[in-house]
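Q: Contents of upload01.pdb (PDB, C-alpha atoms, pLDDT in the B column) are given next:
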ATOM      1  CA  MET H   1     -21.456 336.472 224.210  1.00 49.00           C
ATOM      2  CA  ILE H   2     -24.897 335.231 223.197  1.00 46.00           C
ATOM      3  CA  TRP H   3     -24.727 337.180 219.949  1.00 39.00           C
ATOM      4  CA  LYS H   4     -21.340 335.650 219.126  1.00 45.00           C
ATOM      5  CA  ARG H   5     -22.807 332.193 219.622  1.00 50.00           C
ATOM      6  CA  ILE H   6     -25.794 333.020 217.425  1.00 36.00           C
ATOM      7  CA  PHE H   7     -23.497 334.417 214.758  1.00 38.00           C
ATOM      8  CA  ALA H   8     -21.299 331.309 214.889  1.00 46.00           C
ATOM      9  CA  LEU H   9     -24.312 328.998 214.662  1.00 42.00           C
ATOM     10  CA  THR H  10     -25.752 330.967 211.736  1.00 38.00           C
ATOM     11  CA  THR H  11     -22.423 330.807 209.925  1.00 43.00           C
ATOM     12  CA  LEU H  12     -22.253 327.042 210.454  1.00 43.00           C
ATOM     13  CA  VAL H  13     -25.764 326.570 209.058  1.00 39.00           C
ATOM     14  CA  LEU H  14     -24.906 328.658 205.989  1.00 42.00           C
ATOM     15  CA  VAL H  15     -21.717 326.683 205.375  1.00 41.00           C
ATOM     16  CA  ILE H  16     -23.537 323.358 205.662  1.00 43.00           C
ATOM     17  CA  GLY H  17     -26.284 324.627 203.370  1.00 45.00           C
ATOM     18  CA  THR H  18     -23.736 325.757 200.799  1.00 44.00           C
ATOM     19  CA  ILE H  19     -21.989 322.370 200.872  1.00 43.00           C
ATOM     20  CA  TRP H  20     -25.334 320.621 200.418  1.00 42.00           C
ATOM     21  CA  LEU H  21     -26.233 322.811 197.454  1.00 42.00           C
ATOM     22  CA  VAL H  22     -22.853 322.236 195.817  1.00 41.00           C
ATOM     23  CA  LYS H  23     -23.194 318.478 196.241  1.00 46.00           C
ATOM     24  CA  GLY H  24     -26.722 318.598 194.862  1.00 47.00           C
ATOM     25  CA  LYS H  25     -25.602 320.638 191.899  1.00 47.00           C
ATOM     26  CA  SER H  26     -22.719 318.259 191.204  1.00 45.00           C
ATOM     27  CA  ALA H  27     -25.110 315.301 191.226  1.00 49.00           C
ATOM     28  CA  GLU H  28     -27.472 317.106 188.856  1.00 50.00           C
ATOM     29  CA  GLU H  29     -24.637 318.061 186.524  1.00 52.00           C
ATOM     30  CA  LYS H  30     -23.485 314.442 186.496  1.00 57.00           C
ATOM     31  CA  LEU H  31     -26.972 313.242 185.562  1.00 55.00           C
ATOM     32  CA  LEU H  32     -27.281 315.889 182.861  1.00 59.00           C
ATOM     33  CA  SER H  33     -23.781 315.520 181.412  1.00 60.00           C
ATOM     34  CA  ALA H  34     -25.239 313.842 178.327  1.00 48.00           C
ATOM     35  CA  LYS H  35     -27.558 316.803 177.808  1.00 46.00           C
ATOM     36  CA  ILE H  36     -24.658 319.243 178.013  1.00 48.00           C
ATOM     37  CA  LYS H  37     -22.614 317.256 175.498  1.00 46.00           C
ATOM     38  CA  THR H  38     -25.317 316.479 172.982  1.00 55.00           C
ATOM     39  CA  GLU H  39     -27.738 319.413 173.293  1.00 77.00           C
ATOM     40  CA  LEU H  40     -31.032 317.645 173.882  1.00 90.00           C
ATOM     41  CA  LYS H  41     -33.971 318.632 171.718  1.00 92.00           C
ATOM     42  CA  ASP H  42     -37.707 318.736 172.299  1.00 95.00           C
ATOM     43  CA  GLY H  43     -39.239 315.432 171.325  1.00 96.00           C
ATOM     44  CA  ASP H  44     -36.241 313.255 172.144  1.00 96.00           C
ATOM     45  CA  LEU H  45     -37.132 309.913 173.715  1.00 97.00           C
ATOM     46  CA  ILE H  46     -35.532 308.487 176.845  1.00 96.00           C
ATOM     47  CA  PHE H  47     -35.519 304.878 178.053  1.00 97.00           C
ATOM     48  CA  GLN H  48     -34.467 303.246 181.314  1.00 96.00           C
ATOM     49  CA  THR H  49     -34.767 300.096 183.409  1.00 93.00           C
ATOM     50  CA  SER H  50     -37.471 300.918 185.915  1.00 91.00           C
ATOM     51  CA  LEU H  51     -37.346 299.775 189.535  1.00 86.00           C
ATOM     52  CA  SER H  52     -41.116 299.307 189.652  1.00 87.00           C
ATOM     53  CA  GLY H  53     -42.728 296.074 190.790  1.00 83.00           C
ATOM     54  CA  GLN H  54     -43.613 295.073 187.225  1.00 88.00           C
ATOM     55  CA  SER H  55     -40.326 296.005 185.573  1.00 89.00           C
ATOM     56  CA  LEU H  56     -38.751 292.557 185.680  1.00 87.00           C
ATOM     57  CA  ALA H  57     -41.858 290.960 184.187  1.00 89.00           C
ATOM     58  CA  ILE H  58     -41.827 293.501 181.329  1.00 92.00           C
ATOM     59  CA  GLN H  59     -38.142 292.859 180.703  1.00 93.00           C
ATOM     60  CA  LYS H  60     -38.616 289.098 180.581  1.00 89.00           C
ATOM     61  CA  ALA H  61     -41.782 289.208 178.456  1.00 92.00           C
ATOM     62  CA  THR H  62     -40.260 291.605 175.903  1.00 91.00           C
ATOM     63  CA  GLN H  63     -36.691 290.288 176.239  1.00 90.00           C
ATOM     64  CA  SER H  64     -35.311 293.765 176.761  1.00 92.00           C
ATOM     65  CA  ASN H  65     -33.653 295.692 179.589  1.00 91.00           C
ATOM     66  CA  TYR H  66     -35.820 298.733 178.912  1.00 94.00           C
ATOM     67  CA  SER H  67     -39.074 298.815 180.819  1.00 92.00           C
ATOM     68  CA  HIS H  68     -39.917 302.534 181.026  1.00 96.00           C
ATOM     69  CA  CYS H  69     -39.751 305.486 178.643  1.00 97.00           C
ATOM     70  CA  GLY H  70     -40.900 309.054 178.065  1.00 97.00           C
ATOM     71  CA  ILE H  71     -40.677 312.135 175.835  1.00 98.00           C
ATOM     72  CA  ILE H  72     -38.223 314.925 176.646  1.00 96.00           C
ATOM     73  CA  TYR H  73     -39.356 318.542 176.447  1.00 95.00           C
ATOM     74  CA  LYS H  74     -37.648 321.773 177.417  1.00 91.00           C
ATOM     75  CA  ASN H  75     -39.648 323.614 180.066  1.00 90.00           C
ATOM     76  CA  GLY H  76     -38.186 327.056 180.699  1.00 87.00           C
ATOM     77  CA  ASN H  77     -34.526 326.519 181.587  1.00 83.00           C
ATOM     78  CA  GLU H  78     -34.812 322.846 182.432  1.00 88.00           C
ATOM     79  CA  TYR H  79     -35.704 319.600 180.735  1.00 92.00           C
ATOM     80  CA  VAL H  80     -38.660 317.454 181.754  1.00 95.00           C
ATOM     81  CA  VAL H  81     -39.958 314.024 180.778  1.00 97.00           C
ATOM     82  CA  PHE H  82     -43.568 313.506 179.735  1.00 97.00           C
ATOM     83  CA  GLU H  83     -44.313 310.052 181.086  1.00 97.00           C
ATOM     84  CA  ALA H  84     -47.111 307.668 181.969  1.00 96.00           C
ATOM     85  CA  VAL H  85     -46.792 306.706 185.604  1.00 95.00           C
ATOM     86  CA  GLN H  86     -49.563 307.271 188.102  1.00 91.00           C
ATOM     87  CA  PRO H  87     -50.798 309.514 186.569  1.00 95.00           C
ATOM     88  CA  VAL H  88     -49.532 310.746 183.170  1.00 96.00           C
ATOM     89  CA  LYS H  89     -47.442 313.814 184.009  1.00 96.00           C
ATOM     90  CA  LEU H  90     -44.265 315.848 183.530  1.00 96.00           C
ATOM     91  CA  THR H  91     -41.237 314.911 185.656  1.00 96.00           C
ATOM     92  CA  LYS H  92     -37.964 316.804 185.970  1.00 95.00           C
ATOM     93  CA  LEU H  93     -35.356 315.022 183.849  1.00 93.00           C
ATOM     94  CA  THR H  94     -32.840 314.635 186.675  1.00 91.00           C
ATOM     95  CA  GLU H  95     -35.504 313.085 188.900  1.00 94.00           C
ATOM     96  CA  TRP H  96     -36.574 310.745 186.110  1.00 94.00           C
ATOM     97  CA  ILE H  97     -33.022 309.538 185.495  1.00 93.00           C
ATOM     98  CA  ALA H  98     -32.289 309.083 189.208  1.00 93.00           C
ATOM     99  CA  ARG H  99     -35.399 306.939 189.580  1.00 93.00           C
ATOM    100  CA  GLY H 100     -34.124 304.281 187.158  1.00 93.00           C
ATOM    101  CA  LYS H 101     -31.742 301.427 187.829  1.00 92.00           C
ATOM    102  CA  ASP H 102     -28.230 302.766 188.484  1.00 92.00           C
ATOM    103  CA  GLY H 103     -29.230 306.066 186.827  1.00 90.00           C
ATOM    104  CA  LYS H 104     -28.704 304.430 183.415  1.00 92.00           C
ATOM    105  CA  TYR H 105     -30.549 305.586 180.300  1.00 94.00           C
ATOM    106  CA  VAL H 106     -30.466 305.808 176.518  1.00 94.00           C
ATOM    107  CA  ILE H 107     -31.772 308.786 174.553  1.00 95.00           C
ATOM    108  CA  LYS H 108     -33.120 308.408 171.009  1.00 96.00           C
ATOM    109  CA  ARG H 109     -34.190 310.881 168.319  1.00 96.00           C
ATOM    110  CA  LEU H 110     -35.973 310.708 164.970  1.00 96.00           C
ATOM    111  CA  LYS H 111     -33.476 310.409 162.121  1.00 94.00           C
ATOM    112  CA  ASP H 112     -35.217 313.283 160.326  1.00 90.00           C
ATOM    113  CA  ALA H 113     -35.986 315.261 163.471  1.00 93.00           C
ATOM    114  CA  ASN H 114     -34.671 318.513 161.983  1.00 91.00           C
ATOM    115  CA  LYS H 115     -37.248 318.263 159.190  1.00 92.00           C
ATOM    116  CA  ILE H 116     -40.145 316.881 161.227  1.00 93.00           C
ATOM    117  CA  ILE H 117     -39.939 318.308 164.759  1.00 94.00           C
ATOM    118  CA  ASN H 118     -40.586 322.000 164.208  1.00 94.00           C
ATOM    119  CA  LYS H 119     -42.545 324.576 166.189  1.00 93.00           C
ATOM    120  CA  ALA H 120     -45.902 323.521 164.731  1.00 95.00           C
ATOM    121  CA  THR H 121     -45.206 319.820 165.235  1.00 95.00           C
ATOM    122  CA  LEU H 122     -44.181 320.375 168.850  1.00 95.00           C
ATOM    123  CA  ALA H 123     -47.337 322.351 169.476  1.00 96.00           C
ATOM    124  CA  GLN H 124     -49.376 319.473 168.057  1.00 97.00           C
ATOM    125  CA  MET H 125     -47.479 316.903 170.135  1.00 97.00           C
ATOM    126  CA  LYS H 126     -48.146 318.882 173.277  1.00 96.00           C
ATOM    127  CA  ALA H 127     -51.797 319.310 172.314  1.00 97.00           C
ATOM    128  CA  VAL H 128     -52.132 315.532 171.957  1.00 97.00           C
ATOM    129  CA  GLY H 129     -50.338 315.092 175.261  1.00 96.00           C
ATOM    130  CA  LYS H 130     -52.640 317.575 176.951  1.00 96.00           C
ATOM    131  CA  GLN H 131     -55.574 315.281 176.172  1.00 96.00           C
ATOM    132  CA  LEU H 132     -53.803 312.425 177.971  1.00 97.00           C
ATOM    133  CA  VAL H 133     -52.218 314.211 180.929  1.00 96.00           C
ATOM    134  CA  TRP H 134     -53.467 313.107 184.361  1.00 96.00           C
ATOM    135  CA  LYS H 135     -54.857 309.898 182.885  1.00 96.00           C
ATOM    136  CA  PRO H 136     -54.305 306.988 185.301  1.00 97.00           C
ATOM    137  CA  TYR H 137     -51.602 304.439 184.610  1.00 96.00           C
ATOM    138  CA  ASP H 138     -52.759 301.384 182.681  1.00 94.00           C
ATOM    139  CA  SER H 139     -51.450 298.252 184.388  1.00 90.00           C
ATOM    140  CA  SER H 140     -53.634 296.088 182.124  1.00 90.00           C
ATOM    141  CA  PHE H 141     -51.992 297.422 178.928  1.00 94.00           C
ATOM    142  CA  GLU H 142     -55.249 298.107 177.111  1.00 93.00           C
ATOM    143  CA  TRP H 143     -55.252 300.157 173.906  1.00 95.00           C
ATOM    144  CA  SER H 144     -57.972 302.623 174.903  1.00 95.00           C
ATOM    145  CA  ASP H 145     -57.259 306.174 176.069  1.00 96.00           C
ATOM    146  CA  ASP H 146     -59.026 305.639 179.388  1.00 96.00           C
ATOM    147  CA  ARG H 147     -55.728 304.629 180.959  1.00 96.00           C
ATOM    148  CA  ILE H 148     -52.225 304.940 179.518  1.00 97.00           C
ATOM    149  CA  TYR H 149     -48.900 303.120 179.911  1.00 97.00           C
ATOM    150  CA  CYS H 150     -45.480 304.547 179.075  1.00 96.00           C
ATOM    151  CA  SER H 151     -44.727 303.241 175.569  1.00 97.00           C
ATOM    152  CA  GLU H 152     -48.363 303.694 174.580  1.00 97.00           C
ATOM    153  CA  LEU H 153     -48.054 307.382 175.482  1.00 98.00           C
ATOM    154  CA  ILE H 154     -44.998 307.876 173.266  1.00 97.00           C
ATOM    155  CA  TRP H 155     -46.507 305.944 170.358  1.00 98.00           C
ATOM    156  CA  LYS H 156     -49.838 307.787 170.417  1.00 98.00           C
ATOM    157  CA  VAL H 157     -48.315 311.261 170.777  1.00 98.00           C
ATOM    158  CA  TYR H 158     -46.030 310.721 167.787  1.00 97.00           C
ATOM    159  CA  GLN H 159     -48.587 308.925 165.647  1.00 97.00           C
ATOM    160  CA  ARG H 160     -51.363 311.451 166.243  1.00 97.00           C
ATOM    161  CA  ALA H 161     -49.151 314.529 165.904  1.00 97.00           C
ATOM    162  CA  THR H 162     -46.893 313.438 163.027  1.00 96.00           C
ATOM    163  CA  GLY H 163     -48.387 310.286 161.517  1.00 96.00           C
ATOM    164  CA  ILE H 164     -45.184 308.418 162.402  1.00 96.00           C
ATOM    165  CA  GLU H 165     -45.523 305.002 164.026  1.00 96.00           C
ATOM    166  CA  LEU H 166     -42.557 304.367 166.295  1.00 96.00           C
ATOM    167  CA  GLY H 167     -42.427 300.589 166.416  1.00 94.00           C
ATOM    168  CA  LYS H 168     -44.801 297.934 165.213  1.00 93.00           C
ATOM    169  CA  LEU H 169     -47.894 297.179 167.268  1.00 96.00           C
ATOM    170  CA  GLN H 170     -47.988 293.639 168.598  1.00 95.00           C
ATOM    171  CA  LYS H 171     -50.467 291.356 170.318  1.00 95.00           C
ATOM    172  CA  MET H 172     -49.936 290.289 173.886  1.00 90.00           C
ATOM    173  CA  SER H 173     -49.638 286.736 172.575  1.00 92.00           C
ATOM    174  CA  ASP H 174     -46.457 287.790 170.712  1.00 93.00           C
ATOM    175  CA  PHE H 175     -44.532 288.179 173.971  1.00 92.00           C
ATOM    176  CA  ASP H 176     -42.795 285.487 176.000  1.00 89.00           C
ATOM    177  CA  LEU H 177     -45.335 284.723 178.708  1.00 90.00           C
ATOM    178  CA  SER H 178     -43.667 281.533 179.907  1.00 90.00           C
ATOM    179  CA  ASP H 179     -41.353 282.897 182.582  1.00 90.00           C
ATOM    180  CA  PRO H 180     -42.580 282.385 186.187  1.00 90.00           C
ATOM    181  CA  VAL H 181     -42.190 286.104 186.938  1.00 92.00           C
ATOM    182  CA  VAL H 182     -44.361 286.973 183.947  1.00 88.00           C
ATOM    183  CA  LYS H 183     -46.904 284.294 184.770  1.00 90.00           C
ATOM    184  CA  GLU H 184     -47.281 285.623 188.302  1.00 92.00           C
ATOM    185  CA  LYS H 185     -47.935 289.177 187.119  1.00 89.00           C
ATOM    186  CA  ILE H 186     -50.393 288.016 184.474  1.00 89.00           C
ATOM    187  CA  SER H 187     -52.256 285.946 187.046  1.00 91.00           C
ATOM    188  CA  GLN H 188     -52.461 288.947 189.384  1.00 90.00           C
ATOM    189  CA  ARG H 189     -53.722 291.251 186.637  1.00 87.00           C
ATOM    190  CA  PHE H 190     -55.959 289.021 184.539  1.00 89.00           C
ATOM    191  CA  GLY H 191     -56.540 285.731 186.306  1.00 87.00           C
ATOM    192  CA  THR H 192     -57.278 283.174 183.580  1.00 86.00           C
ATOM    193  CA  ASN H 193     -58.849 285.734 181.216  1.00 89.00           C
ATOM    194  CA  ILE H 194     -55.661 286.883 179.465  1.00 88.00           C
ATOM    195  CA  PRO H 195     -56.315 289.398 176.631  1.00 90.00           C
ATOM    196  CA  LEU H 196     -53.968 287.690 174.167  1.00 92.00           C
ATOM    197  CA  ASN H 197     -55.355 289.625 171.190  1.00 93.00           C
ATOM    198  CA  GLU H 198     -54.959 293.057 172.797  1.00 93.00           C
ATOM    199  CA  SER H 199     -52.841 295.476 170.741  1.00 95.00           C
ATOM    200  CA  VAL H 200     -49.666 296.396 172.617  1.00 96.00           C
ATOM    201  CA  ILE H 201     -46.594 298.564 172.010  1.00 97.00           C
ATOM    202  CA  SER H 202     -43.541 297.783 174.130  1.00 96.00           C
ATOM    203  CA  PRO H 203     -40.572 299.981 175.089  1.00 96.00           C
ATOM    204  CA  LYS H 204     -38.402 297.489 173.167  1.00 95.00           C
ATOM    205  CA  ALA H 205     -40.379 297.986 169.940  1.00 96.00           C
ATOM    206  CA  ILE H 206     -39.842 301.744 170.139  1.00 97.00           C
ATOM    207  CA  VAL H 207     -36.209 301.777 171.285  1.00 97.00           C
ATOM    208  CA  GLU H 208     -35.301 299.406 168.438  1.00 96.00           C
ATOM    209  CA  SER H 209     -37.247 301.328 165.780  1.00 96.00           C
ATOM    210  CA  ASN H 210     -35.148 301.964 162.657  1.00 95.00           C
ATOM    211  CA  LEU H 211     -36.666 305.448 162.534  1.00 96.00           C
ATOM    212  CA  LEU H 212     -34.612 306.464 165.571  1.00 97.00           C
ATOM    213  CA  VAL H 213     -30.934 307.156 166.212  1.00 95.00           C
ATOM    214  CA  THR H 214     -29.125 307.038 169.554  1.00 93.00           C
ATOM    215  CA  ILE H 215     -28.170 310.469 170.875  1.00 91.00           C
ATOM    216  CA  ALA H 216     -26.700 309.550 174.245  1.00 88.00           C
ATOM    217  CA  SER H 217     -26.420 306.722 176.748  1.00 87.00           C
ATOM    218  CA  ASN H 218     -24.510 306.035 179.936  1.00 84.00           C
TER     219      ASN H 218
END
Now, as a test, write the supplied structure out as structure tokens.

A:
Amino acid sequence: MIWKRIFALTTLVLVIGTIWLVKGKSAEEKLLSAKIKTELKDGDLIFQTSLSGQSLAIQKATQSNYSHCGIIYKNGNEYVVFEAVQPVKLTKLTEWIARGKDGKYVIKRLKDANKIINKATLAQMKAVGKQLVWKPYDSSFEWSDDRIYCSELIWKVYQRATGIELGKLQKMSDFDLSDPVVKEKISQRFGTNIPLNESVISPKAIVESNLLVTIASN
């Protein structure tokens, strides 16, 4: 009798585990449906509305919904996102998408990607990235390599590996700093010593670059 109970319990656990795996797989397939349809490529760029504490301030200052971004690479049989969070690192694509608002994203690619993003270029991009990986996140948006923020990471990897500048550099003074949400964040970060002449690259500047085309969005 005891063995029958053990067998029944084991069977139940296996069934529950199988259901959980199927549900997990379905969720992953849903998140990656764009990848399946469009065949993502190394070097593609992905943008989302972050749920971080500073996201709303970034959106209001740059007048854009996009507040976080990264570079897509294929790693073995899965896709990952090279991103600047805390710290700069690789994140599984499905995890990255799920972390954004409502799982929404847009994926962009260089118009001439087939001519520019080859094996040698990718190797150079990853070599540049290797110099920045594990760097702490830069909440002050400085232009040095000591700390890195998301759009800065994308811009520097592409510029240093290919010579291409994805978006025009701006000064902090170019952004709309008048909103109360923005003012509060600036006060927390800088007090009254706001670096208005600091060079900055925003997610908006990159996502709207005329050098890119949209590959997928949801």

Q: I'd like to know which of H:Lys135, H:Lys41, H:Arg99, H:Lys183 is closest to Cys69 of chain H, using only C-alpha atoms.

A: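 Closest residue, counting only C-alpha atoms: H:Arg99.
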
Q: Determine the residue membership of the PyMOL selection byres ((chain H and resi 51-56) around 9) for the file above and supply it as an NGL selection string.

A: :H and (49-50 or 57-61 or 65-68 or 99-101 or 139 or 181-182 or 185)

Q: Can you tell me how far atom CA of Ala161 of chain H sits from atom CA of Tyr73 of chain H, in Å to one decimal?

A: 14.9 Å

Q: Specify as a ChimeraX atom specification each residue included when the PyMOL selection byres ((chain H and resi 109) around 6) is applied to this file.

A: /H:44,108,110,212-213

Q: Just give me the gap between atom CA of Lys104 of chain H and atom CA of Val85 of chain H in Å, one decimal is fine.

A: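 It comes out at 18.4 Å.
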
Q: Go ahead and compute the interatomic distance for atom CA of Ser209 of chain H and atom CA of Leu122 of chain H, in Å to one decimal.

A: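 Calculated distance between atom CA of Ser209 of chain H and atom CA of Leu122 of chain H is 20.5 Å.
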
Q: Specify as a list in words each residue included when the PyMOL selection byres ((chain H and resi 125) around 10) is applied to this file.

A: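 Selected by the PyMOL selection byres ((chain H and resi 125) around 10) here: Gly43, Ile117, Lys119, Ala120, Thr121, Leu122, Ala123, Gln124, Lys126, Ala127, Val128, Gly129, Lys130, Ile154, Lys156, Val157, Tyr158, Gln159, Arg160, Ala161 and Thr162 of chain H.
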
Q: Given all atoms listed in the file as the basis, pick out the residue of H:Asp42, H:Asp179, H:Glu152, H:Asp138 nearest to Glu165 of chain H.

A: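 Distance minimum relative to Glu165 of chain H lands on H:Glu152.
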